[in-house]
>>> print(open('model-v1.cif').read())   # mmCIF, C-alpha atoms
data_entry
loop_
_atom_site.label_atom_id
_atom_site.label_comp_id
_atom_site.auth_asym_id
_atom_site.auth_seq_id
_atom_site.Cartn_x
_atom_site.Cartn_y
_atom_site.Cartn_z
CA MET A 24 -15.52 28.42 -77.22
CA THR A 25 -16.16 24.73 -77.53
CA GLY A 26 -17.67 22.41 -74.99
CA VAL A 27 -15.55 19.54 -73.74
CA SER A 28 -17.13 16.17 -73.20
CA VAL A 29 -14.82 15.08 -70.42
CA SER A 30 -16.43 13.35 -67.48
CA THR A 31 -15.38 15.74 -64.75
CA GLY A 32 -16.23 13.50 -61.87
CA SER A 33 -13.40 11.17 -62.70
CA THR A 34 -9.69 11.53 -63.28
CA SER A 35 -9.59 8.44 -65.44
CA GLY A 36 -8.21 9.00 -68.90
CA ALA A 37 -7.32 12.66 -68.27
CA GLY A 38 -3.87 14.25 -68.17
CA PHE A 39 -4.35 16.12 -64.93
CA CYS A 40 -6.47 15.76 -61.84
CA GLY A 41 -9.38 18.21 -61.86
CA HIS A 42 -9.19 18.52 -58.08
CA CYS A 43 -5.49 19.00 -57.28
CA GLY A 44 -4.05 19.71 -60.72
CA GLU A 45 -1.30 17.15 -60.38
CA PRO A 46 -0.59 14.74 -63.25
CA TYR A 47 -2.87 11.78 -63.39
CA ASP A 48 -0.62 8.76 -63.27
CA GLY A 49 -3.13 5.93 -63.46
CA GLY A 50 -3.10 5.57 -67.25
CA ASP A 51 -6.03 3.47 -68.32
CA GLY A 52 -5.97 1.56 -65.05
CA PRO A 53 -7.55 2.47 -61.74
CA PRO A 54 -6.70 5.85 -60.21
CA SER A 55 -3.65 6.01 -58.05
CA TYR A 56 -4.19 6.08 -54.30
CA ALA A 57 -3.43 9.81 -54.19
CA HIS A 58 -6.11 10.68 -56.72
CA ARG A 59 -8.70 8.30 -55.33
CA GLU A 60 -9.39 10.87 -52.64
CA CYS A 61 -9.50 13.57 -55.30
CA SER A 62 -12.13 11.57 -57.17
CA GLU A 63 -14.21 11.32 -54.00
CA ARG A 64 -13.91 15.06 -53.47
CA LEU A 65 -14.97 15.73 -57.04
CA ALA A 66 -18.33 14.22 -56.15
CA MET A 67 -18.84 17.16 -53.80
CA GLU A 68 -17.12 20.00 -55.62
CA PRO A 69 -16.53 21.07 -59.20
CA PRO A 70 -13.13 20.59 -60.81
CA ARG A 71 -10.78 23.54 -60.51
CA TYR A 72 -8.09 22.45 -62.98
CA CYS A 73 -8.46 21.62 -66.63
CA ALA A 74 -7.87 17.90 -67.08
CA ALA A 75 -6.24 18.54 -70.44
CA CYS A 76 -3.76 21.33 -69.64
CA ARG A 77 -3.85 21.92 -65.87
CA ARG A 78 -4.90 25.55 -66.22
CA ARG A 79 -7.00 26.82 -63.34
CA MET A 80 -10.53 27.19 -64.61
CA LYS A 81 -13.15 29.84 -64.03
CA VAL A 82 -15.82 27.99 -62.08
CA GLN A 83 -19.39 29.17 -61.58
CA VAL A 84 -21.50 27.33 -59.02
CA THR A 85 -25.25 27.91 -58.95
CA PRO A 86 -27.79 26.32 -56.62
CA LEU A 87 -28.66 23.63 -59.12
CA GLY A 88 -25.58 23.37 -61.31
CA TRP A 89 -22.06 24.44 -62.12
CA SER A 90 -19.79 25.12 -65.06
CA ALA A 91 -16.02 25.35 -65.38
CA GLU A 92 -14.25 27.18 -68.17
CA CYS A 93 -10.70 26.64 -69.35
CA SER A 94 -9.41 29.52 -71.44
CA ARG A 95 -7.92 27.00 -73.89
CA HIS A 96 -10.21 23.98 -73.78
CA GLY A 97 -13.66 25.46 -73.29
CA VAL A 98 -16.50 24.95 -70.89
CA LEU A 99 -17.15 21.85 -68.84
CA VAL A 100 -20.57 21.12 -67.41
CA PRO A 101 -21.67 18.18 -65.22
CA MET B 27 -16.26 11.76 -49.32
CA THR B 28 -15.76 11.10 -45.62
CA ILE B 29 -18.95 10.46 -43.74
CA GLN B 30 -19.00 10.63 -39.98
CA ALA B 31 -21.08 7.51 -39.71
CA ASP B 32 -21.39 7.62 -35.95
CA ALA B 33 -23.70 10.60 -36.29
CA SER B 34 -26.28 8.16 -37.60
CA GLU B 35 -26.36 6.34 -34.29
CA ALA B 36 -28.34 9.17 -32.77
CA THR B 37 -31.50 8.09 -34.56
CA SER B 38 -33.58 7.16 -31.56
CA HIS B 39 -35.25 10.13 -29.98
CA ALA B 40 -36.55 8.28 -26.98
CA THR B 41 -36.34 10.52 -23.97
CA ILE B 42 -34.00 9.37 -21.24
CA PRO B 43 -35.83 10.45 -18.12
CA GLY B 44 -34.33 12.31 -15.26
CA THR B 45 -30.67 11.66 -15.78
CA PHE B 46 -29.50 14.89 -17.38
CA PRO B 47 -30.36 17.95 -15.29
CA ILE B 48 -29.51 20.46 -18.03
CA LEU B 49 -32.17 18.91 -20.23
CA GLU B 50 -34.71 19.10 -17.42
CA THR B 51 -33.76 22.76 -17.01
CA GLY B 52 -33.99 23.29 -20.77
CA ARG B 53 -37.45 21.75 -20.90
CA GLN B 54 -38.78 24.27 -18.42
CA GLN B 55 -36.69 27.31 -19.32
CA VAL B 56 -36.65 27.05 -23.11
CA LEU B 57 -39.59 24.91 -24.10
CA GLU B 58 -42.10 26.16 -21.55
CA ASP B 59 -40.87 29.69 -20.82
CA GLY B 60 -39.25 30.49 -24.18
CA ILE B 61 -36.01 31.72 -22.63
CA GLY B 62 -32.77 30.60 -24.28
CA LEU B 63 -30.05 28.87 -22.31
CA THR B 64 -27.13 30.91 -21.02
CA GLN B 65 -23.53 30.41 -22.11
CA GLU B 66 -22.78 28.30 -19.05
CA GLN B 67 -25.85 26.18 -19.63
CA LEU B 68 -24.92 25.73 -23.29
CA GLU B 69 -21.52 24.42 -22.24
CA GLU B 70 -23.38 21.71 -20.31
CA VAL B 71 -25.36 20.78 -23.41
CA LEU B 72 -22.20 20.60 -25.50
CA ARG B 73 -20.62 18.31 -22.90
CA LEU B 74 -23.53 15.88 -22.71
CA PRO B 75 -22.49 12.25 -23.15
CA ASP B 76 -23.45 10.37 -26.27
CA GLU B 77 -26.28 8.57 -24.50
CA ALA B 78 -27.95 11.93 -23.82
CA LEU B 79 -27.79 13.08 -27.43
CA PRO B 80 -31.14 11.64 -28.53
CA ALA B 81 -32.87 13.36 -25.60
CA ALA B 82 -31.11 16.65 -26.36
CA LEU B 83 -32.18 16.48 -30.00
CA GLN B 84 -35.72 15.57 -29.01
CA LEU B 85 -35.94 18.58 -26.70
CA ALA B 86 -34.48 20.87 -29.38
CA HIS B 87 -37.03 19.54 -31.87
CA GLU B 88 -39.90 20.20 -29.47
CA VAL B 89 -38.58 23.72 -28.89
CA ARG B 90 -38.42 24.33 -32.63
CA LEU B 91 -41.97 23.04 -33.17
CA LYS B 92 -43.42 25.06 -30.31
CA HIS B 93 -41.66 28.35 -30.98
CA CYS B 94 -41.12 28.27 -34.76
CA GLY B 95 -43.76 25.90 -36.09
CA GLU B 96 -43.44 22.95 -38.40
CA ASP B 97 -42.50 24.81 -41.59
CA VAL B 98 -39.02 24.56 -43.05
CA GLU B 99 -37.59 27.58 -44.87
CA VAL B 100 -35.76 26.75 -48.09
CA GLU B 101 -33.13 29.05 -49.59
CA GLY B 102 -30.73 29.07 -52.50
CA ILE B 103 -27.44 30.95 -52.43
CA ILE B 104 -25.29 32.15 -55.30
CA SER B 105 -22.02 33.95 -55.73
CA ILE B 106 -22.14 37.02 -57.95
CA LYS B 107 -18.44 37.67 -57.41
CA THR B 108 -16.26 34.70 -56.58
CA GLY B 109 -12.69 34.73 -55.29
CA GLY B 110 -10.12 37.49 -55.03
CA CYS B 111 -11.29 38.67 -51.62
CA PRO B 112 -8.77 40.89 -49.78
CA GLU B 113 -9.71 39.45 -46.37
CA ASP B 114 -7.91 36.54 -44.71
CA CYS B 115 -10.72 34.48 -43.18
CA HIS B 116 -8.70 31.31 -42.61
CA PHE B 117 -11.48 28.95 -43.63
CA CYS B 118 -12.26 30.58 -46.95
CA SER B 119 -11.10 29.42 -50.36
CA GLN B 120 -12.14 32.76 -51.84
CA SER B 121 -9.45 34.78 -50.10
CA GLY B 122 -6.99 36.23 -52.59
CA LEU B 123 -4.30 35.96 -49.91
CA PHE B 124 -4.13 32.16 -49.97
CA ASP B 125 -2.88 29.73 -52.60
CA SER B 126 -6.37 28.47 -53.36
CA PRO B 127 -7.43 26.95 -56.68
CA VAL B 128 -10.52 29.16 -56.73
CA ARG B 129 -10.21 31.77 -59.50
CA GLY B 130 -11.87 35.15 -59.45
CA VAL B 131 -15.00 35.30 -61.58
CA TRP B 132 -18.17 37.39 -61.90
CA LEU B 133 -21.57 35.92 -62.68
CA ASP B 134 -23.56 37.78 -65.31
CA ILE B 135 -27.06 38.97 -64.55
CA PRO B 136 -28.94 36.68 -66.99
CA GLU B 137 -27.31 33.67 -65.30
CA LEU B 138 -28.25 35.09 -61.92
CA VAL B 139 -31.90 35.50 -62.94
CA LYS B 140 -31.92 31.99 -64.39
CA ALA B 141 -30.58 30.63 -61.10
CA ALA B 142 -33.22 32.57 -59.16
CA LYS B 143 -35.94 31.00 -61.31
CA GLU B 144 -34.52 27.53 -60.78
CA THR B 145 -34.26 28.13 -57.06
CA ALA B 146 -37.85 29.37 -56.81
CA ALA B 147 -39.00 26.27 -58.70
CA THR B 148 -37.74 24.12 -55.82
CA GLY B 149 -40.16 25.86 -53.46
CA ALA B 150 -37.50 28.11 -52.00
CA THR B 151 -38.62 31.47 -50.68
CA GLU B 152 -35.18 33.02 -50.24
CA PHE B 153 -32.47 33.71 -52.79
CA CYS B 154 -29.24 35.10 -51.39
CA ILE B 155 -26.74 36.94 -53.60
CA VAL B 156 -23.24 36.72 -52.19
CA ALA B 157 -20.01 38.52 -53.08
CA ALA B 158 -16.50 37.72 -51.86
CA VAL B 159 -15.51 41.23 -50.83
CA ARG B 160 -14.53 43.17 -47.73
CA GLY B 161 -17.43 45.44 -48.53
CA PRO B 162 -19.20 46.51 -51.71
CA ASP B 163 -17.84 49.27 -53.96
CA ILE B 164 -19.96 51.37 -56.29
CA LYS B 165 -19.58 48.89 -59.15
CA LEU B 166 -20.87 46.02 -57.02
CA MET B 167 -23.71 48.06 -55.56
CA ASN B 168 -24.80 49.02 -59.08
CA GLN B 169 -24.66 45.36 -60.11
CA ILE B 170 -26.74 44.39 -57.10
CA LYS B 171 -29.37 47.03 -57.84
CA PHE B 172 -29.59 45.85 -61.43
CA ALA B 173 -29.78 42.21 -60.35
CA ILE B 174 -32.52 42.90 -57.79
CA ASP B 175 -34.61 44.73 -60.37
CA ARG B 176 -34.23 41.96 -62.98
CA ILE B 177 -35.05 39.21 -60.49
CA ASN B 178 -38.07 41.07 -59.17
CA GLU B 179 -39.35 41.44 -62.72
CA GLU B 180 -39.28 37.73 -63.38
CA VAL B 181 -39.23 35.74 -60.13
CA ASP B 182 -41.44 35.63 -57.07
CA ILE B 183 -38.85 35.16 -54.34
CA ASN B 184 -37.39 37.10 -51.43
CA ILE B 185 -33.95 38.51 -52.16
CA ALA B 186 -31.21 38.47 -49.56
CA CYS B 187 -27.66 39.77 -49.91
CA SER B 188 -24.29 39.03 -48.37
CA LEU B 189 -21.78 41.65 -49.44
CA GLY B 190 -19.44 41.96 -46.48
CA MET B 191 -19.16 44.99 -44.26
CA LEU B 192 -21.44 47.89 -45.12
CA THR B 193 -21.51 51.62 -44.60
CA GLN B 194 -24.68 53.22 -43.27
CA ARG B 195 -25.41 54.57 -46.75
CA GLN B 196 -25.12 51.09 -48.25
CA VAL B 197 -27.38 49.65 -45.59
CA ASP B 198 -29.97 52.30 -46.37
CA GLN B 199 -29.67 51.65 -50.11
CA LEU B 200 -30.15 47.91 -49.77
CA ALA B 201 -33.17 48.41 -47.54
CA GLU B 202 -34.62 50.90 -50.02
CA TRP B 203 -34.09 48.44 -52.89
CA GLY B 204 -36.17 45.86 -51.07
CA VAL B 205 -33.49 43.52 -49.82
CA HIS B 206 -35.40 41.30 -47.47
CA ARG B 207 -32.57 39.91 -45.39
CA TYR B 208 -28.84 40.61 -45.06
CA ASN B 209 -26.29 37.97 -44.19
CA HIS B 210 -23.20 38.81 -42.21
CA ASN B 211 -21.81 36.00 -40.09
CA LEU B 212 -20.01 36.27 -36.79
CA GLU B 213 -18.44 32.92 -37.80
CA THR B 214 -16.86 32.19 -34.43
CA ALA B 215 -16.69 33.34 -30.84
CA ARG B 216 -15.28 36.74 -30.08
CA SER B 217 -12.45 35.12 -28.10
CA TYR B 218 -11.45 32.93 -31.08
CA PHE B 219 -12.04 35.41 -33.87
CA PRO B 220 -8.44 36.76 -33.96
CA GLU B 221 -7.23 33.20 -34.61
CA VAL B 222 -9.42 33.02 -37.71
CA VAL B 223 -9.46 36.53 -39.17
CA THR B 224 -6.85 39.28 -38.85
CA THR B 225 -7.87 41.72 -41.58
CA HIS B 226 -10.94 42.98 -39.79
CA SER B 227 -12.33 42.81 -36.30
CA TYR B 228 -15.24 41.17 -34.57
CA GLU B 229 -16.50 44.62 -33.67
CA GLU B 230 -16.59 45.62 -37.34
CA ARG B 231 -18.79 42.62 -38.04
CA LEU B 232 -21.08 43.51 -35.15
CA GLU B 233 -21.34 47.06 -36.44
CA THR B 234 -22.70 45.91 -39.80
CA CYS B 235 -25.10 43.49 -38.11
CA ASN B 236 -26.49 46.20 -35.88
CA MET B 237 -26.91 48.65 -38.78
CA VAL B 238 -28.80 46.01 -40.76
CA LYS B 239 -31.23 45.44 -37.92
CA ALA B 240 -31.71 49.14 -37.29
CA ALA B 241 -32.61 49.65 -40.96
CA GLY B 242 -35.41 47.11 -40.70
CA MET B 243 -33.87 44.31 -42.75
CA GLU B 244 -33.88 40.83 -41.31
CA LEU B 245 -30.45 39.89 -40.02
CA CYS B 246 -29.00 36.55 -41.03
CA CYS B 247 -25.94 35.99 -38.87
CA GLY B 248 -24.26 32.64 -38.89
CA ALA B 249 -21.69 30.41 -37.35
CA LEU B 250 -18.94 28.21 -38.69
CA ILE B 251 -18.00 25.56 -36.20
CA GLY B 252 -15.25 22.96 -36.22
CA MET B 253 -12.42 25.44 -36.79
CA GLY B 254 -10.50 24.38 -33.69
CA GLU B 255 -12.52 26.36 -31.19
CA THR B 256 -13.09 24.86 -27.75
CA LEU B 257 -16.49 23.73 -26.52
CA GLU B 258 -16.51 26.79 -24.27
CA GLN B 259 -15.95 29.00 -27.30
CA ARG B 260 -18.70 27.19 -29.19
CA ALA B 261 -21.06 27.99 -26.31
CA GLU B 262 -19.73 31.54 -26.27
CA LEU B 263 -20.56 31.91 -29.96
CA ALA B 264 -24.10 30.62 -29.48
CA ALA B 265 -24.63 33.04 -26.61
CA GLN B 266 -23.17 35.95 -28.59
CA LEU B 267 -25.42 35.16 -31.53
CA ALA B 268 -28.42 34.91 -29.23
CA ALA B 269 -27.61 38.35 -27.83
CA LEU B 270 -27.74 39.77 -31.36
CA GLU B 271 -31.24 38.34 -31.85
CA PRO B 272 -30.84 37.56 -35.55
CA HIS B 273 -33.81 36.44 -37.58
CA GLU B 274 -31.77 33.57 -38.96
CA VAL B 275 -28.63 31.69 -38.02
CA PRO B 276 -27.03 29.59 -40.77
CA LEU B 277 -25.00 26.87 -39.14
CA ASN B 278 -21.90 25.87 -41.11
CA PHE B 279 -19.50 23.03 -40.38
CA LEU B 280 -15.92 23.45 -41.54
CA ASN B 281 -15.17 21.86 -44.88
CA PRO B 282 -11.38 22.24 -44.95
CA ARG B 283 -10.47 23.87 -48.25
CA PRO B 284 -7.21 23.30 -50.11
CA GLY B 285 -4.74 26.13 -49.81
CA THR B 286 -6.35 27.77 -46.78
CA PRO B 287 -4.71 27.91 -43.33
CA LEU B 288 -7.36 25.45 -42.09
CA GLU B 289 -6.90 22.92 -44.88
CA ASN B 290 -5.49 20.34 -42.46
CA GLN B 291 -8.11 20.83 -39.78
CA GLY B 292 -9.98 17.57 -39.35
CA ILE B 293 -13.65 17.27 -40.14
CA MET B 294 -15.78 17.80 -37.08
CA ASP B 295 -17.18 14.77 -35.29
CA GLY B 296 -20.78 14.15 -36.30
CA LYS B 297 -22.09 13.77 -32.78
CA ASP B 298 -20.42 17.01 -31.72
CA ALA B 299 -22.14 18.65 -34.66
CA LEU B 300 -25.52 17.32 -33.53
CA ARG B 301 -24.83 18.48 -29.98
CA ALA B 302 -24.09 21.93 -31.42
CA ILE B 303 -27.37 21.93 -33.37
CA ALA B 304 -29.29 21.13 -30.21
CA ALA B 305 -27.36 23.73 -28.23
CA PHE B 306 -27.91 26.49 -30.80
CA ARG B 307 -31.64 25.75 -30.85
CA LEU B 308 -31.76 25.83 -27.05
CA ALA B 309 -29.90 29.15 -27.13
CA MET B 310 -32.27 30.66 -29.71
CA PRO B 311 -35.72 29.10 -29.49
CA ARG B 312 -37.38 31.42 -32.03
CA THR B 313 -34.62 31.89 -34.59
CA VAL B 314 -34.57 30.32 -38.05
CA LEU B 315 -31.74 27.79 -37.67
CA ARG B 316 -30.51 26.83 -41.09
CA TYR B 317 -28.36 23.98 -42.28
CA ALA B 318 -25.58 25.57 -44.30
CA GLY B 319 -22.22 24.43 -45.63
CA GLY B 320 -20.34 21.34 -44.59
CA ARG B 321 -23.21 19.21 -43.34
CA GLU B 322 -22.71 16.66 -46.09
CA LEU B 323 -19.19 15.91 -44.87
CA THR B 324 -19.81 16.26 -41.16
CA LEU B 325 -23.19 14.60 -40.78
CA GLY B 326 -23.85 12.56 -43.89
CA ASP B 327 -27.39 11.66 -44.92
CA LEU B 328 -28.56 10.17 -41.62
CA GLY B 329 -26.99 12.93 -39.59
CA THR B 330 -28.75 15.47 -41.79
CA ARG B 331 -32.04 13.79 -40.96
CA ASN B 332 -31.24 13.81 -37.25
CA GLY B 333 -30.51 17.52 -37.32
CA LEU B 334 -33.84 18.24 -38.97
CA LEU B 335 -35.39 16.31 -36.09
CA GLY B 336 -33.16 18.12 -33.62
CA GLY B 337 -33.76 21.84 -33.99
CA ILE B 338 -32.99 22.73 -37.60
CA ASN B 339 -35.87 24.44 -39.42
CA ALA B 340 -34.29 25.73 -42.63
CA VAL B 341 -32.01 24.44 -45.36
CA ILE B 342 -29.85 25.75 -48.15
CA VAL B 343 -31.04 23.81 -51.14
CA GLY B 344 -28.57 22.47 -53.68
CA ASN B 345 -25.07 23.86 -53.99
CA TYR B 346 -23.07 26.32 -51.94
CA LEU B 347 -20.83 29.09 -53.21
CA THR B 348 -17.83 27.05 -54.33
CA THR B 349 -18.73 23.50 -53.32
CA LEU B 350 -21.63 21.20 -54.13
CA GLY B 351 -24.42 20.23 -51.77
CA ARG B 352 -26.79 17.30 -51.76
CA PRO B 353 -29.09 17.16 -54.77
CA ALA B 354 -32.03 19.49 -54.15
CA THR B 355 -34.42 16.58 -54.62
CA ALA B 356 -32.75 14.66 -51.80
CA ASP B 357 -33.48 17.37 -49.27
CA LEU B 358 -36.95 18.09 -50.62
CA ASN B 359 -37.85 14.39 -50.54
CA LEU B 360 -36.54 14.17 -47.00
CA LEU B 361 -38.80 17.03 -45.93
CA VAL B 362 -41.76 15.20 -47.45
CA GLU B 363 -40.78 12.01 -45.65
CA LEU B 364 -40.53 13.88 -42.35
CA ASN B 365 -43.88 15.60 -42.94
CA MET B 366 -42.22 19.00 -42.75
CA PRO B 367 -43.96 21.49 -45.06
CA ILE B 368 -41.87 24.06 -46.92
CA LYS B 369 -42.60 27.57 -45.74
CA GLU B 370 -44.64 29.42 -48.32
CA LEU B 371 -43.70 32.84 -49.63
CA GLN B 372 -46.67 34.67 -48.10
CA LYS B 373 -45.71 33.37 -44.66
CA THR B 374 -42.30 35.00 -44.96
CA LEU B 375 -43.64 38.48 -45.68
#
>>> encode(input="model-v1.cif", output="structure tokens")
Amino acid sequence: MTGVSVSTGSTSGAGFCGHCGEPYDGGDGPPSYAHRECSERLAMEPPRYCAACRRRMKVQVTPLGWSAECSRHGVLVP
Amino acid sequence: MTIQADASEATSHATIPGTFPILETGRQQVLEDGIGLTQEQLEEVLRLPDEALPAALQLAHEVRLKHCGEDVEVEGIISIKTGGCPEDCHFCSQSGLFDSPVRGVWLDIPELVKAAKETAATGATEFCIVAAVRGPDIKLMNQIKFAIDRINEEVDINIACSLGMLTQRQVDQLAEWGVHRYNHNLETARSYFPEVVTTHSYEERLETCNMVKAAGMELCCGALIGMGETLEQRAELAAQLAALEPHEVPLNFLNPRPGTPLENQGIMDGKDALRAIAAFRLAMPRTVLRYAGGRELTLGDLGTRNGLLGGINAVIVGNYLTTLGRPATADLNLLVELNMPIKELQKTL
């Protein structure tokens, strides 16, 4: 299993939104209006969807951290 | 993140003399005599106008200081089994009955012990192991026993559990294993419960709570407000919790979760949340009243501070079960700023 160096607090540059799982349609520009709220929510909760393939991830939240694992793309950490 | 900024307006705790009879009553009945307000009286507190909120919080803070002391109890919580729950609690993203993005997952014991160590390092005295289940099966009970033993070997911290509804045998086992406190929330008022949960009854929850107390464990029995209940039902809940006489009441504010029946419920007004904090303290002058989930959304940073100066005397540090909390350092620094010492382990025994 390989770690993925995606910044999980942002949808920028990813294929899918980590919060809602819908396609990210902002390209390299600013996030669309719909995913702006998702970005805000990702400040207060871990991503649930893999930004690369949209699979739902196994998320472990601990008092001082979290990790999210995609069965195809590996483990994300903050 | 949506912050209810108006909660920050209740920063002044200057007493407003003589204009709010329920607060005069509360000062004598709760502060002086140590007797919690009744359901009808709590309704009055919850209906206080905004201009009375600073005085209500001030009174609640005085009650907390007199009857509980200045210490703040810090706790960390962790999910050993996340998601896939067969129950239909309408607020919960871990129900397997809803189209929630939360996947089922188990935490392994080494990770659990590591988290307990990290939690203890913050100064926390409580570490609560939670499972999203109706009640524990043999596999989960064996996991819990193993986890308790491993944590006790390596970490100096009280262990609490929250494993749903228990049988008498399971209650006895947990007590025998040294579980310090057991969490089982009422969540909402009896009259509103059927609107929120249909897969088990209020009475079943009460049954577990009463067994826990009878076995000598501390009962942690909490509330989740902002689910659409009326003010009367909020007062009803506070009175029903007070009647249970729990050691601790964690106070949650709804954080509407995607895919749950309550996902479109609005976030509770910050001032209503502060009124509820004051009311719960005036209902239960001696109970540990803990900030739990949802405060970041409902109250924001300034509202959080106001609650700590308005009856709250315990916090969950760091993250929750599926969502993230404020950084642990933010809360710990706030306690330092407010001159509120963290309760030490020996004081909890």
>>> resolve_selection(input="model-v1.cif", expression="the PyMOL selection byres ((chain B) within 7 of (chain A))", output="ChimeraX atom specification")
/B:27,102-104,127-129,131,141,145,343-351
>>> axis_aligned_box(input="model-v1.cif", around="stretch 80-91 of chain A", padding_each_side="8 Å", output="lines of an AutoDock Vina configuration file")
center_x = -19.6
center_y = 26.6
center_z = -61.0
size_x = 34.1
size_y = 22.5
size_z = 24.8
>>> atom_distance(input="model-v1.cif", atom1="atom CA of B:Tyr208", atom2="atom CA of B:Thr313")
14.8 Å
>>> closest_residue(input="model-v1.cif", among="B:Leu300, B:Val98, B:Ile106, B:Leu280", to="B:Leu83", atoms="all atoms listed in the file")
B:Leu300
>>> closest_residue(input="model-v1.cif", among="B:Ala142, B:Ala150, B:Lys239, B:Phe124", to="B:Ala354", atoms="only C-alpha atoms")
B:Ala150
>>> atom_distance(input="model-v1.cif", atom1="atom CA of B:Ala215", atom2="atom CA of B:Arg260")
6.7 Å
>>> closest_residue(input="model-v1.cif", among="B:Thr45, B:Asn168, B:Thr214, B:Gln84", to="B:Phe117", atoms="all atoms listed in the file")
B:Thr214
>>> atom_distance(input="model-v1.cif", atom1="atom CA of B:His206", atom2="atom CA of B:Val341")
17.3 Å
>>> resolve_selection(input="model-v1.cif", expression="the PyMOL selection byres ((chain B and resi 111) around 10)", output="PDB file with C-alpha atoms, keeping the file's coordinate frame")
ATOM      1  CA  LYS B 107     -18.440  37.670 -57.410  1.00  0.00           C
ATOM      2  CA  THR B 108     -16.260  34.700 -56.580  1.00  0.00           C
ATOM      3  CA  GLY B 109     -12.690  34.730 -55.290  1.00  0.00           C
ATOM      4  CA  GLY B 110     -10.120  37.490 -55.030  1.00  0.00           C
ATOM      5  CA  PRO B 112      -8.770  40.890 -49.780  1.00  0.00           C
ATOM      6  CA  GLU B 113      -9.710  39.450 -46.370  1.00  0.00           C
ATOM      7  CA  ASP B 114      -7.910  36.540 -44.710  1.00  0.00           C
ATOM      8  CA  CYS B 115     -10.720  34.480 -43.180  1.00  0.00           C
ATOM      9  CA  CYS B 118     -12.260  30.580 -46.950  1.00  0.00           C
ATOM     10  CA  SER B 119     -11.100  29.420 -50.360  1.00  0.00           C
ATOM     11  CA  GLN B 120     -12.140  32.760 -51.840  1.00  0.00           C
ATOM     12  CA  SER B 121      -9.450  34.780 -50.100  1.00  0.00           C
ATOM     13  CA  GLY B 122      -6.990  36.230 -52.590  1.00  0.00           C
ATOM     14  CA  LEU B 123      -4.300  35.960 -49.910  1.00  0.00           C
ATOM     15  CA  PHE B 124      -4.130  32.160 -49.970  1.00  0.00           C
ATOM     16  CA  GLY B 130     -11.870  35.150 -59.450  1.00  0.00           C
ATOM     17  CA  ALA B 157     -20.010  38.520 -53.080  1.00  0.00           C
ATOM     18  CA  ALA B 158     -16.500  37.720 -51.860  1.00  0.00           C
ATOM     19  CA  VAL B 159     -15.510  41.230 -50.830  1.00  0.00           C
ATOM     20  CA  ARG B 160     -14.530  43.170 -47.730  1.00  0.00           C
ATOM     21  CA  GLY B 161     -17.430  45.440 -48.530  1.00  0.00           C
TER      22      GLY B 161
END
>>> resolve_selection(input="model-v1.cif", expression="the PyMOL selection byres ((chain B and resi 65) around 8)", output="PyMOL selection string")
chain B and resi 63-64+66-69+261-262+264-265
>>> residues_around(input="model-v1.cif", residues="B:Lys171", least_positions_apart="2", cutoff="10 Å", atoms="all atoms listed in the file", output="number ranges by chain")
B: 166-169, 173-176, 199-200, 203-205
>>> residues_around(input="model-v1.cif", residues="B:Glu322", least_positions_apart="3", cutoff="8 Å", atoms="all atoms listed in the file", output="PyMOL selection string")
chain B and resi 29+319+325-327+330+351-352
>>> closest_residue(input="model-v1.cif", among="B:Gly285, B:Gly333, B:Pro47, B:Gly95", to="B:Ala305", atoms="only C-alpha atoms")
B:Gly333
>>> residues_near_point(input="model-v1.cif", point="(-33.5, 19.3, -40.1)", cutoff="12 Å", atoms="only C-alpha atoms", output="NGL selection string")
:B and (83-84 or 86-87 or 90-91 or 96-100 or 277 or 300 or 303-304 or 307 or 314-318 or 321 or 325 or 327-342 or 357-358 or 360-368)
>>> closest_residue(input="model-v1.cif", among="B:Thr355, B:Thr151, B:Asn281, B:Ser227", to="B:Val181", atoms="all atoms listed in the file")
B:Thr151
>>> build_atoms(input="model-v1.cif", residues="stretch 283-290 of chain B", atoms="N, CA and C atoms", output="CSV table (one decimal), in the frame of the given file")
chain,number,residue,atom,x,y,z
B,283,ARG,N,-10.7,23.6,-46.8
B,283,ARG,CA,-10.5,23.9,-48.2
B,283,ARG,C,-9.0,23.9,-48.6
B,284,PRO,N,-8.6,23.3,-49.7
B,284,PRO,CA,-7.2,23.3,-50.1
B,284,PRO,C,-6.6,24.7,-50.2
B,285,GLY,N,-5.4,24.9,-49.7
B,285,GLY,CA,-4.7,26.1,-49.8
B,285,GLY,C,-5.0,27.1,-48.7
B,286,THR,N,-6.0,26.8,-47.9
B,286,THR,CA,-6.4,27.8,-46.8
B,286,THR,C,-5.6,27.3,-45.5
B,287,PRO,N,-5.4,28.3,-44.6
B,287,PRO,CA,-4.7,27.9,-43.3
B,287,PRO,C,-5.4,26.8,-42.6
B,288,LEU,N,-6.7,26.5,-42.8
B,288,LEU,CA,-7.4,25.4,-42.1
B,288,LEU,C,-7.5,24.2,-42.9
B,289,GLU,N,-6.7,24.1,-44.0
B,289,GLU,CA,-6.9,22.9,-44.9
B,289,GLU,C,-6.6,21.6,-44.2
B,290,ASN,N,-5.8,21.6,-43.2
B,290,ASN,CA,-5.5,20.3,-42.5
B,290,ASN,C,-6.3,20.1,-41.2
